[in-house]
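Source file: start-v5.cif (mmCIF, C-alpha atoms)
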data_final
loop_
_atom_site.label_atom_id
_atom_site.label_comp_id
_atom_site.auth_asym_id
_atom_site.auth_seq_id
_atom_site.Cartn_x
_atom_site.Cartn_y
_atom_site.Cartn_z
CA MET A 1 13.61 18.87 -62.06
CA THR A 2 10.08 18.27 -60.77
CA PHE A 3 7.61 15.41 -61.26
CA ALA A 4 5.84 15.41 -64.59
CA ARG A 5 2.78 13.78 -63.01
CA HIS A 6 1.03 14.48 -59.72
CA LEU A 7 2.45 13.09 -56.49
CA ALA A 8 1.12 9.73 -55.40
CA ASP A 9 -0.67 9.55 -52.04
CA ASP A 10 2.22 7.72 -50.36
CA ARG A 11 4.74 10.34 -51.53
CA LEU A 12 2.45 13.03 -50.25
CA PHE A 13 2.21 11.25 -46.92
CA ASP A 14 6.00 10.87 -46.77
CA CYS A 15 6.27 14.63 -47.12
CA TYR A 16 3.87 15.05 -44.22
CA VAL A 17 5.76 12.56 -42.02
CA ALA A 18 9.10 14.17 -42.83
CA GLU A 19 7.81 17.61 -41.99
CA ARG A 20 6.26 16.38 -38.77
CA ALA A 21 9.42 14.58 -37.69
CA GLY A 22 11.55 17.58 -38.53
CA ASP A 23 13.43 15.59 -41.16
CA ALA A 24 14.53 17.01 -44.49
CA ALA A 25 11.80 16.53 -47.07
CA ASP A 26 12.35 15.01 -50.49
CA LEU A 27 13.57 18.00 -52.48
CA ARG A 28 11.84 17.05 -55.73
CA ALA A 29 8.56 16.39 -53.99
CA ALA A 30 8.82 19.68 -52.13
CA GLU A 31 9.44 21.55 -55.38
CA HIS A 32 6.49 19.84 -57.01
CA LEU A 33 4.26 20.69 -54.09
CA ALA A 34 5.26 24.33 -54.36
CA GLU A 35 4.48 24.42 -58.10
CA CYS A 36 1.50 22.10 -58.50
CA GLU A 37 -1.71 23.63 -57.23
CA SER A 38 -3.62 20.37 -57.18
CA CYS A 39 -0.96 18.50 -55.18
CA GLY A 40 -0.59 21.50 -52.88
CA ALA A 41 -4.33 21.40 -52.18
CA ARG A 42 -4.22 17.63 -51.56
CA TYR A 43 -1.30 18.12 -49.21
CA THR A 44 -3.10 20.87 -47.30
CA GLU A 45 -6.15 18.65 -46.96
CA LEU A 46 -4.05 15.76 -45.70
CA VAL A 47 -2.29 17.94 -43.14
CA ARG A 48 -5.61 19.37 -41.99
CA PHE A 49 -7.08 15.91 -41.52
CA MET A 50 -4.09 14.56 -39.64
CA ASP A 51 -3.82 17.62 -37.44
CA ARG A 52 -7.51 17.45 -36.58
CA VAL A 53 -7.19 13.81 -35.61
CA TYR A 54 -4.23 14.71 -33.41
CA GLU A 55 -5.98 17.69 -31.83
CA GLU A 56 -9.09 15.64 -31.08
CA ALA A 57 -7.03 12.99 -29.34
CA VAL A 58 -5.05 15.53 -27.35
CA ALA A 59 -8.19 17.43 -26.34
CA GLU A 60 -9.89 14.24 -25.26
CA ALA A 61 -6.93 13.07 -23.19
CA ASP A 62 -6.55 16.51 -21.64
CA GLU A 63 -10.19 16.50 -20.62
CA VAL A 64 -9.81 13.14 -18.98
CA PHE A 65 -6.42 13.82 -17.40
CA THR A 66 -6.91 17.16 -15.73
CA PRO A 67 -3.97 18.93 -14.03
CA GLU A 68 -5.30 17.79 -10.64
CA GLN A 69 -5.42 14.24 -11.83
CA LEU A 70 -1.88 14.44 -13.17
CA ARG A 71 -0.71 15.86 -9.84
CA ALA A 72 -2.41 13.00 -8.00
CA GLN A 73 -0.76 10.57 -10.41
CA GLN A 74 2.65 12.11 -9.68
CA GLN A 75 2.10 11.72 -5.96
CA GLN A 76 1.00 8.17 -6.42
CA ILE A 77 4.11 7.37 -8.44
CA ALA A 78 6.29 9.05 -5.79
CA ARG A 79 4.63 6.95 -3.11
CA ARG A 80 5.15 3.78 -5.07
CA ILE A 81 8.81 4.38 -5.84
CA GLU A 82 9.44 5.07 -2.14
CA ALA A 83 9.52 1.33 -1.61
CA VAL A 84 11.87 0.69 -4.55
CA GLY A 85 15.49 0.12 -3.53
CA ARG A 86 14.66 -0.32 0.12
CA PRO A 87 15.49 -3.73 1.56
CA PRO A 88 12.37 -5.74 2.28
CA ARG A 89 11.17 -5.25 5.83
CA VAL A 90 11.35 -8.30 8.04
CA ILE A 91 9.06 -8.01 11.01
CA SER A 92 10.99 -9.44 13.94
CA PHE A 93 9.17 -11.61 16.38
CA PRO A 94 8.99 -9.90 19.80
CA ALA A 95 11.68 -11.35 22.08
CA ALA A 96 9.54 -11.32 25.23
CA GLY A 97 6.69 -13.00 23.43
CA ALA A 98 9.09 -15.60 22.06
CA ARG A 99 10.36 -16.44 25.52
CA GLN A 100 6.83 -16.72 26.79
CA GLY A 101 6.02 -18.96 23.89
CA PHE A 102 8.88 -21.27 24.80
CA ALA A 103 7.72 -21.34 28.42
CA VAL A 104 4.31 -22.42 27.30
CA SER A 105 5.76 -25.15 25.12
CA ALA A 106 7.86 -26.38 28.07
CA THR A 107 4.76 -26.96 30.13
CA ARG A 108 2.95 -28.67 27.33
CA SER A 109 3.41 -32.11 28.90
CA ALA A 110 1.54 -30.97 32.04
CA PRO A 111 -2.01 -31.17 30.68
CA ARG A 112 -1.59 -34.76 29.55
CA TRP A 113 -3.64 -35.94 32.50
CA VAL A 114 -6.41 -33.65 31.30
CA ALA A 115 -6.50 -35.46 27.98
CA ALA A 116 -6.53 -38.82 29.78
CA ALA A 117 -9.39 -37.67 32.00
CA ALA A 118 -11.35 -36.46 29.00
CA ALA A 119 -10.87 -39.80 27.24
CA ALA A 120 -11.95 -41.69 30.34
CA GLY A 121 -14.99 -39.42 30.72
CA LEU A 122 -15.98 -40.06 27.14
CA PHE A 123 -15.64 -43.81 27.55
CA ILE A 124 -17.69 -43.82 30.73
CA GLY A 125 -20.31 -41.58 29.13
CA ILE A 126 -20.69 -43.93 26.19
CA ALA A 127 -20.99 -46.97 28.45
CA VAL A 128 -23.60 -45.33 30.67
CA GLY A 129 -25.50 -44.17 27.63
CA TYR A 130 -25.71 -47.72 26.27
CA GLN A 131 -26.92 -49.01 29.61
CA LEU A 132 -29.62 -46.37 29.92
CA GLU A 133 -30.84 -46.97 26.42
CA GLY A 134 -31.01 -50.71 27.11
CA ARG A 135 -33.16 -50.08 30.16
CA ARG A 136 -35.43 -47.73 28.25
CA ALA A 137 -35.78 -50.17 25.39
CA ARG A 138 -36.73 -53.11 27.58
CA PRO A 139 -40.05 -51.68 29.01
CA ALA A 140 -41.06 -50.56 25.54
CA ALA A 141 -40.49 -54.04 24.15
CA ALA A 142 -42.43 -55.50 27.04
CA ALA A 143 -45.31 -53.11 26.44
CA ARG A 144 -45.31 -54.01 22.76
CA HIS A 145 -45.41 -57.68 23.63
CA GLU A 146 -48.33 -57.15 26.00
CA ALA A 147 -50.25 -55.13 23.44
CA GLY A 148 -49.73 -57.85 20.87
CA SER A 149 -51.15 -60.48 23.14
CA LEU A 150 -54.13 -58.25 23.93
CA ARG A 151 -54.82 -57.73 20.23
CA ALA A 152 -54.78 -61.47 19.77
CA VAL A 153 -57.45 -61.80 22.39
CA THR A 154 -59.68 -58.79 21.53
CA PRO A 155 -61.06 -59.62 18.03
CA THR A 156 -63.96 -61.41 19.48
CA ALA A 157 -64.51 -58.61 21.97
CA VAL A 158 -64.46 -56.06 19.15
CA ALA A 159 -66.76 -58.08 17.06
CA MET A 160 -69.07 -58.15 19.96
CA THR A 161 -69.41 -54.41 20.27
CA GLY A 162 -72.48 -52.71 18.86
CA ASN A 163 -70.75 -50.09 16.73
CA ALA A 164 -68.86 -52.54 14.59
CA PRO A 165 -71.05 -52.55 11.42
CA ALA A 166 -71.11 -48.77 11.30
CA ASP A 167 -67.29 -48.60 11.60
CA VAL A 168 -66.83 -51.15 8.88
CA ALA A 169 -69.21 -49.27 6.63
CA SER A 170 -67.45 -45.99 7.17
CA ASP A 171 -64.11 -47.66 6.52
CA ASP A 172 -65.47 -49.13 3.33
CA ALA A 173 -66.77 -45.77 2.23
CA PHE A 174 -63.43 -44.18 2.94
CA LEU A 175 -61.56 -46.86 1.05
CA SER A 176 -63.93 -46.68 -1.89
CA GLU A 177 -63.40 -42.94 -1.99
CA LEU A 178 -59.70 -43.54 -2.06
CA GLU A 179 -60.06 -46.02 -4.85
CA ILE A 180 -62.17 -43.68 -6.90
CA ALA A 181 -59.62 -40.95 -6.34
CA LEU A 182 -56.82 -43.24 -7.41
CA GLU A 183 -58.82 -44.56 -10.32
CA ARG A 184 -59.26 -41.17 -11.92
CA PRO A 185 -57.07 -38.36 -10.65
CA ARG A 186 -58.96 -35.10 -10.72
CA THR A 187 -56.00 -32.84 -10.78
CA ARG A 188 -55.26 -32.19 -14.44
CA GLU A 189 -51.62 -31.44 -13.79
CA LEU A 190 -51.12 -34.85 -12.22
CA MET A 191 -52.81 -36.82 -14.98
CA ALA A 192 -49.66 -37.11 -17.06
CA ILE A 193 -47.67 -38.35 -14.10
CA ASP A 194 -50.43 -40.76 -13.22
CA ALA A 195 -50.40 -42.16 -16.74
CA PHE A 196 -46.75 -43.08 -16.38
CA THR A 197 -47.06 -44.57 -12.90
CA PRO A 198 -48.09 -48.24 -12.56
CA HIS A 199 -51.06 -48.73 -10.25
CA PHE A 200 -50.91 -51.15 -7.34
CA ARG A 201 -54.08 -52.91 -8.41
CA GLU A 202 -52.71 -53.48 -11.89
CA ILE A 203 -49.64 -55.14 -10.43
CA ARG A 204 -51.80 -57.11 -8.07
CA ASN A 205 -54.10 -58.25 -10.88
CA GLU A 206 -51.13 -59.35 -12.93
CA LYS A 207 -50.06 -61.62 -10.10
CA MET B 1 11.11 -5.77 -19.47
CA SER B 2 14.36 -4.60 -20.94
CA GLY B 3 15.37 -2.78 -24.03
CA ASP B 4 17.21 -5.79 -25.45
CA LEU B 5 15.22 -5.68 -28.65
CA LEU B 6 16.00 -2.07 -29.37
CA THR B 7 17.77 -1.95 -32.68
CA ALA B 8 19.66 1.12 -33.83
CA PRO B 9 20.39 3.46 -30.93
CA GLU B 10 19.32 6.89 -32.06
CA PRO B 11 20.22 10.29 -30.77
CA GLY B 12 17.53 11.39 -28.35
CA ALA B 13 14.71 13.58 -29.47
CA ALA B 14 13.31 16.38 -27.38
CA PRO B 15 10.21 15.42 -25.43
CA ARG B 16 6.90 16.46 -26.95
CA ASP B 17 6.05 18.99 -24.25
CA ALA B 18 9.24 20.92 -24.96
CA ARG B 19 8.08 21.61 -28.51
CA PRO B 20 6.85 25.00 -29.60
CA ALA B 21 3.15 25.43 -28.97
CA GLY B 22 0.74 25.63 -31.85
CA VAL B 23 2.71 23.32 -34.12
CA PRO B 24 1.18 19.92 -33.43
CA GLY B 25 3.58 17.06 -33.70
CA ARG B 26 6.47 18.96 -35.23
CA LYS B 27 9.81 17.81 -33.89
CA PRO B 28 12.92 19.95 -34.06
CA PRO B 29 15.88 17.83 -35.12
CA ALA B 30 18.04 16.95 -32.14
CA ALA B 31 21.71 16.09 -32.43
CA GLN B 32 22.58 15.55 -28.78
CA PRO B 33 20.98 13.56 -25.96
CA SER B 34 17.71 15.09 -24.93
CA GLU B 35 16.97 16.49 -21.52
CA ASP B 36 15.08 13.39 -20.42
CA SER B 37 17.89 11.06 -21.52
CA ARG B 38 20.43 13.12 -19.58
CA LEU B 39 18.16 13.09 -16.56
CA ALA B 40 17.75 9.33 -16.79
CA VAL B 41 21.54 8.90 -16.82
CA GLU B 42 21.85 11.11 -13.75
CA ILE B 43 19.20 9.13 -11.92
CA ARG B 44 20.93 5.89 -12.81
CA GLU B 45 24.20 7.22 -11.39
CA LEU B 46 22.48 8.38 -8.23
CA VAL B 47 20.91 4.96 -7.79
CA GLU B 48 24.27 3.28 -8.36
CA ARG B 49 25.80 5.54 -5.69
CA GLY B 50 22.97 4.60 -3.36
CA ASP B 51 21.64 8.15 -3.14
CA MET B 52 18.04 7.00 -3.43
CA ASP B 53 16.36 10.09 -1.99
CA GLU B 54 18.04 12.36 -4.52
CA ALA B 55 17.29 9.85 -7.28
CA ARG B 56 13.62 9.86 -6.35
CA GLU B 57 13.54 13.62 -6.41
CA ARG B 58 15.13 13.78 -9.85
CA PHE B 59 12.80 11.08 -11.05
CA GLY B 60 9.90 13.39 -10.23
CA GLU B 61 11.23 15.76 -12.91
CA LEU B 62 11.34 12.93 -15.41
CA VAL B 63 7.78 12.01 -14.54
CA ALA B 64 6.66 15.60 -15.06
CA LEU B 65 8.31 15.65 -18.49
CA HIS B 66 6.65 12.50 -19.82
CA GLN B 67 3.51 12.12 -17.78
CA ARG B 68 1.16 13.99 -20.07
CA ARG B 69 2.30 12.28 -23.23
CA ALA B 70 2.27 8.89 -21.50
CA SER B 71 -1.26 9.44 -20.24
CA ARG B 72 -2.39 10.40 -23.72
CA ILE B 73 -0.88 7.29 -25.29
CA ALA B 74 -2.22 5.00 -22.57
CA TYR B 75 -5.68 6.52 -22.81
CA GLN B 76 -5.79 6.11 -26.58
CA TYR B 77 -4.78 2.50 -26.15
CA LEU B 78 -7.07 1.56 -23.31
CA ARG B 79 -9.93 4.07 -23.63
CA ASP B 80 -10.42 3.93 -19.88
CA THR B 81 -9.17 6.54 -17.43
CA ALA B 82 -8.47 4.28 -14.48
CA ASP B 83 -6.73 1.67 -16.61
CA ALA B 84 -4.65 4.32 -18.37
CA ASP B 85 -3.69 5.92 -15.07
CA GLU B 86 -2.55 2.60 -13.65
CA ALA B 87 -0.65 1.74 -16.83
CA VAL B 88 1.25 5.04 -16.66
CA GLN B 89 2.05 4.56 -12.99
CA ASP B 90 3.23 1.01 -13.57
CA ALA B 91 5.45 2.13 -16.45
CA PHE B 92 7.12 4.82 -14.35
CA VAL B 93 7.62 2.50 -11.39
CA LYS B 94 9.10 -0.10 -13.72
CA VAL B 95 11.44 2.48 -15.21
CA PHE B 96 12.66 3.51 -11.77
CA SER B 97 13.12 -0.10 -10.67
CA HIS B 98 15.13 -0.93 -13.78
CA ILE B 99 16.92 2.37 -14.24
CA ALA B 100 20.25 0.55 -13.77
CA SER B 101 19.69 -1.17 -17.11
CA TYR B 102 19.17 2.11 -18.96
CA ARG B 103 21.90 2.96 -21.49
CA GLU B 104 22.47 6.51 -22.68
CA ALA B 105 22.79 5.27 -26.23
CA TRP B 106 19.01 4.81 -26.25
CA PRO B 107 16.75 7.83 -26.16
CA PHE B 108 14.86 7.68 -22.90
CA GLU B 109 11.62 8.42 -24.74
CA VAL B 110 11.99 5.27 -26.82
CA TRP B 111 12.85 3.12 -23.81
CA PHE B 112 10.02 4.47 -21.71
CA THR B 113 7.41 4.35 -24.46
CA ARG B 114 8.25 0.78 -25.17
CA ILE B 115 7.71 -0.13 -21.53
CA LEU B 116 4.46 1.81 -21.50
CA ILE B 117 3.10 0.24 -24.67
CA ASN B 118 3.90 -3.27 -23.51
CA GLY B 119 2.11 -2.54 -20.23
CA CYS B 120 -0.90 -1.19 -22.12
CA LEU B 121 -1.02 -4.24 -24.37
CA ASP B 122 -0.87 -6.56 -21.34
CA ARG B 123 -3.66 -4.62 -19.70
CA ALA B 124 -5.78 -4.63 -22.82
CA LYS B 125 -5.32 -8.38 -23.08
CA ALA B 126 -6.24 -8.89 -19.43
CA ARG B 127 -9.28 -6.66 -19.84
CA GLY B 128 -10.40 -8.59 -22.90
CA ARG B 129 -10.21 -11.76 -20.87
CA ARG B 130 -12.15 -10.11 -18.04
CA GLU B 131 -14.80 -8.76 -20.37
CA ARG B 132 -15.53 -12.22 -21.61
CA TRP B 133 -16.95 -12.93 -18.15
CA PHE B 134 -18.17 -9.60 -16.87
CA SER B 135 -20.15 -6.74 -18.34
CA HIS B 136 -18.10 -3.59 -18.86
CA GLY B 137 -20.97 -1.18 -19.44
CA GLU B 138 -20.55 0.48 -16.07
CA LEU B 139 -16.96 1.41 -16.76
CA SER B 140 -17.72 3.18 -20.00
CA HIS B 141 -20.61 5.03 -18.37
CA ALA B 142 -18.36 6.17 -15.55
CA ASP B 143 -15.79 7.37 -18.05
CA GLU B 144 -18.40 9.21 -20.07
CA ALA B 145 -19.71 10.89 -16.95
CA ARG B 146 -16.18 11.87 -15.94
CA ALA B 147 -15.47 13.24 -19.38
CA SER B 148 -18.63 15.32 -19.41
CA MET B 149 -17.87 16.65 -15.93
CA ALA B 150 -14.29 17.41 -16.85
CA SER B 151 -15.34 19.77 -19.62
CA PRO B 152 -17.73 22.22 -18.04
CA GLY B 153 -16.90 24.84 -20.66
CA GLY B 154 -18.77 25.08 -23.97
CA ASN B 155 -22.43 24.53 -24.51
CA PRO B 156 -23.97 21.08 -24.17
CA GLU B 157 -24.47 20.78 -27.92
CA GLN B 158 -20.78 21.37 -28.61
CA ARG B 159 -19.87 18.87 -25.92
CA LEU B 160 -22.19 16.30 -27.40
CA LEU B 161 -20.83 16.86 -30.89
CA ALA B 162 -17.25 16.60 -29.63
CA ARG B 163 -18.08 13.36 -27.86
CA GLU B 164 -19.69 11.95 -30.99
CA ARG B 165 -16.68 12.96 -33.09
CA ARG B 166 -14.30 11.33 -30.65
CA GLY B 167 -16.40 8.22 -30.48
CA ARG B 168 -16.35 7.96 -34.25
CA LEU B 169 -12.61 8.50 -34.34
CA ALA B 170 -12.01 5.90 -31.63
CA ALA B 171 -14.21 3.42 -33.46
CA ALA B 172 -12.28 4.04 -36.68
CA ILE B 173 -8.94 3.56 -34.93
CA ASP B 174 -10.27 0.35 -33.40
CA ARG B 175 -10.93 -0.95 -36.88
CA LEU B 176 -7.28 -0.61 -37.84
CA ASP B 177 -5.14 -3.70 -38.08
CA GLY B 178 -3.10 -4.34 -34.87
CA ARG B 179 0.26 -3.19 -36.23
CA GLN B 180 -1.23 -0.27 -38.10
CA ARG B 181 -2.93 0.85 -34.92
CA THR B 182 0.25 0.60 -32.85
CA VAL B 183 2.32 2.46 -35.42
CA PHE B 184 -0.33 5.13 -35.89
CA MET B 185 -0.72 5.69 -32.17
CA LEU B 186 2.99 5.90 -31.55
CA CYS B 187 3.67 8.19 -34.47
CA HIS B 188 0.64 10.36 -34.29
CA TYR B 189 -0.40 10.40 -30.65
CA GLY B 190 2.95 9.56 -29.12
CA ASP B 191 4.83 12.00 -31.39
CA CYS B 192 7.46 9.46 -32.27
CA THR B 193 9.29 9.50 -35.57
CA PRO B 194 9.13 6.39 -37.80
CA ARG B 195 12.74 5.75 -36.80
CA GLU B 196 11.83 5.78 -33.13
CA VAL B 197 8.82 3.57 -33.72
CA SER B 198 11.09 1.22 -35.62
CA ALA B 199 13.36 1.09 -32.56
CA MET B 200 10.41 0.50 -30.25
CA THR B 201 8.67 -2.17 -32.25
CA GLY B 202 11.58 -3.85 -33.96
CA LEU B 203 9.94 -3.26 -37.33
CA ASN B 204 11.88 -1.98 -40.30
CA GLU B 205 11.65 1.79 -40.68
CA SER B 206 10.20 1.55 -44.16
CA THR B 207 7.65 -0.97 -42.87
CA VAL B 208 6.68 1.54 -40.19
CA ARG B 209 6.16 4.17 -42.88
CA VAL B 210 4.01 1.81 -44.92
CA HIS B 211 1.88 0.90 -41.88
CA LEU B 212 1.51 4.54 -41.01
CA PHE B 213 0.45 5.48 -44.51
CA ARG B 214 -2.06 2.64 -44.71
CA ALA B 215 -3.47 3.52 -41.31
CA ALA B 216 -3.95 7.15 -42.32
CA ARG B 217 -5.52 6.17 -45.63
CA LYS B 218 -7.93 3.78 -43.94
CA LEU B 219 -8.86 6.36 -41.33
CA ARG B 220 -9.56 8.95 -44.00
CA GLY B 221 -11.71 6.43 -45.80
CA LEU B 222 -13.61 5.47 -42.65
CA LEU B 223 -14.12 9.02 -41.50
CA GLY B 224 -14.85 10.41 -44.92
CA GLY B 225 -11.92 12.79 -44.80
CA LYS B 226 -13.24 14.44 -41.62
CA PRO B 227 -12.27 13.38 -38.11
#

Structure rendered as structure tokens:
Amino acid sequence: MTFARHLADDRLFDCYVAERAGDAADLRAAEHLAECESCGARYTELVRFMDRVYEEAVAEADEVFTPEQLRAQQQQIARRIEAVGRPPRVISFPAAGARQGFAVSATRSAPRWVAAAAAAGLFIGIAVGYQLEGRRARPAAAARHEAGSLRAVTPTAVAMTGNAPADVASDDAFLSELEIALERPRTRELMAIDAFTPHFREIRNEK
Amino acid sequence: MSGDLLTAPEPGAAPRDARPAGVPGRKPPAAQPSEDSRLAVEIRELVERGDMDEARERFGELVALHQRRASRIAYQYLRDTADADEAVQDAFVKVFSHIASYREAWPFEVWFTRILINGCLDRAKARGRRERWFSHGELSHADEARASMASPGGNPEQRLLARERRGRLAAAIDRLDGRQRTVFMLCHYGDCTPREVSAMTGLNESTVRVHLFRAARKLRGLLGGKP
């Protein structure tokens, strides 16, 4: 007895899977496929599609994995399994070196005096350094003191010099230039920053 | 990884490469343990006896039997030559390291493929994580260049068309649902029967068939009936 209607897609696919796996196909479905032209054509189309997909994949993998590459892979696997099953290697410490090492550790107490000498040297160095700095600082302080006393005396002498009005004028000009510059910054990029920054004179005026 | 989750132990099937040429994916029914399963048992015994050199030599035969199929599966999963190569190597090394846990009741093909697939999935996951931080454009370009150099035969147009076809096919397979993709790859590219895939994945055999059918239907829809 065969199917009165056409085979459904899943039944058709089952036939394909069974054939591919080498299993016995559903007898009724097989009979129907043999008799029904339409289902036979659908089946052939399905098989063609699936086989093409398979062939494409195989061809692609074969192109990528050439025989040389597979041989190299085999060698690589062989190399890697060489280490499997072998006890882990323990690299022994050389006996002579070990003895020497112990000898060195036995004499470790000997250079203690070296450490003591180094500490003493450091201490002395720091002390001498402080002393030298103190000596260097004293003349400088004295010089500063002398200069201060001179400045206290010189105003009258400075005021007495002939160039004084010119110097004052140039200083005034310089300061006025500075003020103008501060009043209105010319650099456009800095204008925004200037707007956010409080001016000294504003603070001063507030006081 | 062990084969603890393997369900029904099936009689071994002959490896793909032992099948008659020209009949893609057709498996002759096998009633007794396949050659690879017998070889695996021998290697296990050699390892147990401590004859490691002989075991390594025999293992080379096992590698030769499965290497091509394994590379094909790994490549379809990972779409990267170097990654696939490493995944295959790792799977074989793992098999040799754990050969003592192999039981003859399981077909070697099932046991090995399961180890391979798990390795591929781990790698794919790790790569996904890596790709979130690094660009992977260089890898694909290197693979494309290798593929074009590996096929010097045929005219450039044919090569270009083949590459486009394969790209389209790979993109369609990528659009399959995770389980559908795994089942389709194992059945169609790995030449496993639904029963074997059921043993590998722990899914019911009828569920495997349903996933396989849906995957094929979706692929036909995406590719317009032409791969």

Please write the residues picked by the PyMOL selection byres ((chain B and resi 70-76) around 7) on this file as number ranges by chain.
A: 58, 61; B: 66-69, 77-81, 84-85, 87-88, 120, 189-190

Take the residues from that selection and write them out as a tab-separated table (two decimals), in the coordinates of the input, keeping C-alpha atoms.
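Result file result_17.tsv:
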chain	number	residue	atom	x	y	z
A	58	VAL	CA	-5.05	15.53	-27.35
A	61	ALA	CA	-6.93	13.07	-23.19
B	66	HIS	CA	6.65	12.50	-19.82
B	67	GLN	CA	3.51	12.12	-17.78
B	68	ARG	CA	1.16	13.99	-20.07
B	69	ARG	CA	2.30	12.28	-23.23
B	77	TYR	CA	-4.78	2.50	-26.15
B	78	LEU	CA	-7.07	1.56	-23.31
B	79	ARG	CA	-9.93	4.07	-23.63
B	80	ASP	CA	-10.42	3.93	-19.88
B	81	THR	CA	-9.17	6.54	-17.43
B	84	ALA	CA	-4.65	4.32	-18.37
B	85	ASP	CA	-3.69	5.92	-15.07
B	87	ALA	CA	-0.65	1.74	-16.83
B	88	VAL	CA	1.25	5.04	-16.66
B	120	CYS	CA	-0.90	-1.19	-22.12
B	189	TYR	CA	-0.40	10.40	-30.65
B	190	GLY	CA	2.95	9.56	-29.12

Please expand the PyMOL selection byres ((chain B and resi 181-186) around 10) into the concrete residues it hits in this file, giving the result as a JSON list (two decimals) with C-alpha atoms, in the frame of the given file.
[["chain", "number", "residue", "atom", "x", "y", "z"],
["A", 54, "TYR", "CA", -4.23, 14.71, -33.41],
["B", 72, "ARG", "CA", -2.39, 10.40, -23.72],
["B", 73, "ILE", "CA", -0.88, 7.29, -25.29],
["B", 74, "ALA", "CA", -2.22, 5.00, -22.57],
["B", 76, "GLN", "CA", -5.79, 6.11, -26.58],
["B", 77, "TYR", "CA", -4.78, 2.50, -26.15],
["B", 113, "THR", "CA", 7.41, 4.35, -24.46],
["B", 114, "ARG", "CA", 8.25, 0.78, -25.17],
["B", 117, "ILE", "CA", 3.10, 0.24, -24.67],
["B", 121, "LEU", "CA", -1.02, -4.24, -24.37],
["B", 173, "ILE", "CA", -8.94, 3.56, -34.93],
["B", 174, "ASP", "CA", -10.27, 0.35, -33.40],
["B", 175, "ARG", "CA", -10.93, -0.95, -36.88],
["B", 176, "LEU", "CA", -7.28, -0.61, -37.84],
["B", 177, "ASP", "CA", -5.14, -3.70, -38.08],
["B", 178, "GLY", "CA", -3.10, -4.34, -34.87],
["B", 179, "ARG", "CA", 0.26, -3.19, -36.23],
["B", 180, "GLN", "CA", -1.23, -0.27, -38.10],
["B", 187, "CYS", "CA", 3.67, 8.19, -34.47],
["B", 188, "HIS", "CA", 0.64, 10.36, -34.29],
["B", 189, "TYR", "CA", -0.40, 10.40, -30.65],
["B", 190, "GLY", "CA", 2.95, 9.56, -29.12],
["B", 191, "ASP", "CA", 4.83, 12.00, -31.39],
["B", 192, "CYS", "CA", 7.46, 9.46, -32.27],
["B", 193, "THR", "CA", 9.29, 9.50, -35.57],
["B", 194, "PRO", "CA", 9.13, 6.39, -37.80],
["B", 196, "GLU", "CA", 11.83, 5.78, -33.13],
["B", 197, "VAL", "CA", 8.82, 3.57, -33.72],
["B", 198, "SER", "CA", 11.09, 1.22, -35.62],
["B", 200, "MET", "CA", 10.41, 0.50, -30.25],
["B", 201, "THR", "CA", 8.67, -2.17, -32.25],
["B", 203, "LEU", "CA", 9.94, -3.26, -37.33],
["B", 207, "THR", "CA", 7.65, -0.97, -42.87],
["B", 208, "VAL", "CA", 6.68, 1.54, -40.19],
["B", 209, "ARG", "CA", 6.16, 4.17, -42.88],
["B", 210, "VAL", "CA", 4.01, 1.81, -44.92],
["B", 211, "HIS", "CA", 1.88, 0.90, -41.88],
["B", 212, "LEU", "CA", 1.51, 4.54, -41.01],
["B", 213, "PHE", "CA", 0.45, 5.48, -44.51],
["B", 214, "ARG", "CA", -2.06, 2.64, -44.71],
["B", 215, "ALA", "CA", -3.47, 3.52, -41.31],
["B", 216, "ALA", "CA", -3.95, 7.15, -42.32]]

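Using only C-alpha atoms, the smallest distance between any of A:Leu12, A:Val17, A:Val84, A:Leu7 and Ala55 of chain B comes from A:Val84.
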
Just need the residues of chain A within 6 Å of chain B, counting only C-alpha atoms, so spit them out as a count of residues only.
9

Around segment 52-69 of chain A, fit a box with edges along x, y and z, padding it by 5 Å on each side, then list its centre and edge lengths in Å to one decimal as lines of an AutoDock Vina configuration file.
center_x = -7.1
center_y = 16.0
center_z = -23.6
size_x = 16.2
size_y = 15.9
size_z = 35.9

So how far away is atom CA of Arg38 of chain B from atom CA of Arg71 of chain A, in Å?
23.4 Å

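For the pair atom CA of Glu164 of chain B and atom CA of Tyr16 of chain A, the separation is 27.2 Å.
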
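The residues returned by the PyMOL selection byres ((chain B and resi 101) around 12) on the shown structure are Met1, Ser2, Gly3, Asp4, Ala40, Val41, Ile43, Arg44, Glu45, Val47, Glu48, Lys94, Val95, Phe96, Ser97, His98, Ile99, Ala100, Tyr102, Arg103, Glu104, Ala105, Trp106, Phe108 and Trp111 of chain B.
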
How many Å lie between atom CA of Glu202 of chain A and atom CA of Glu179 of chain A, rounded to one decimal?
12.6 Å
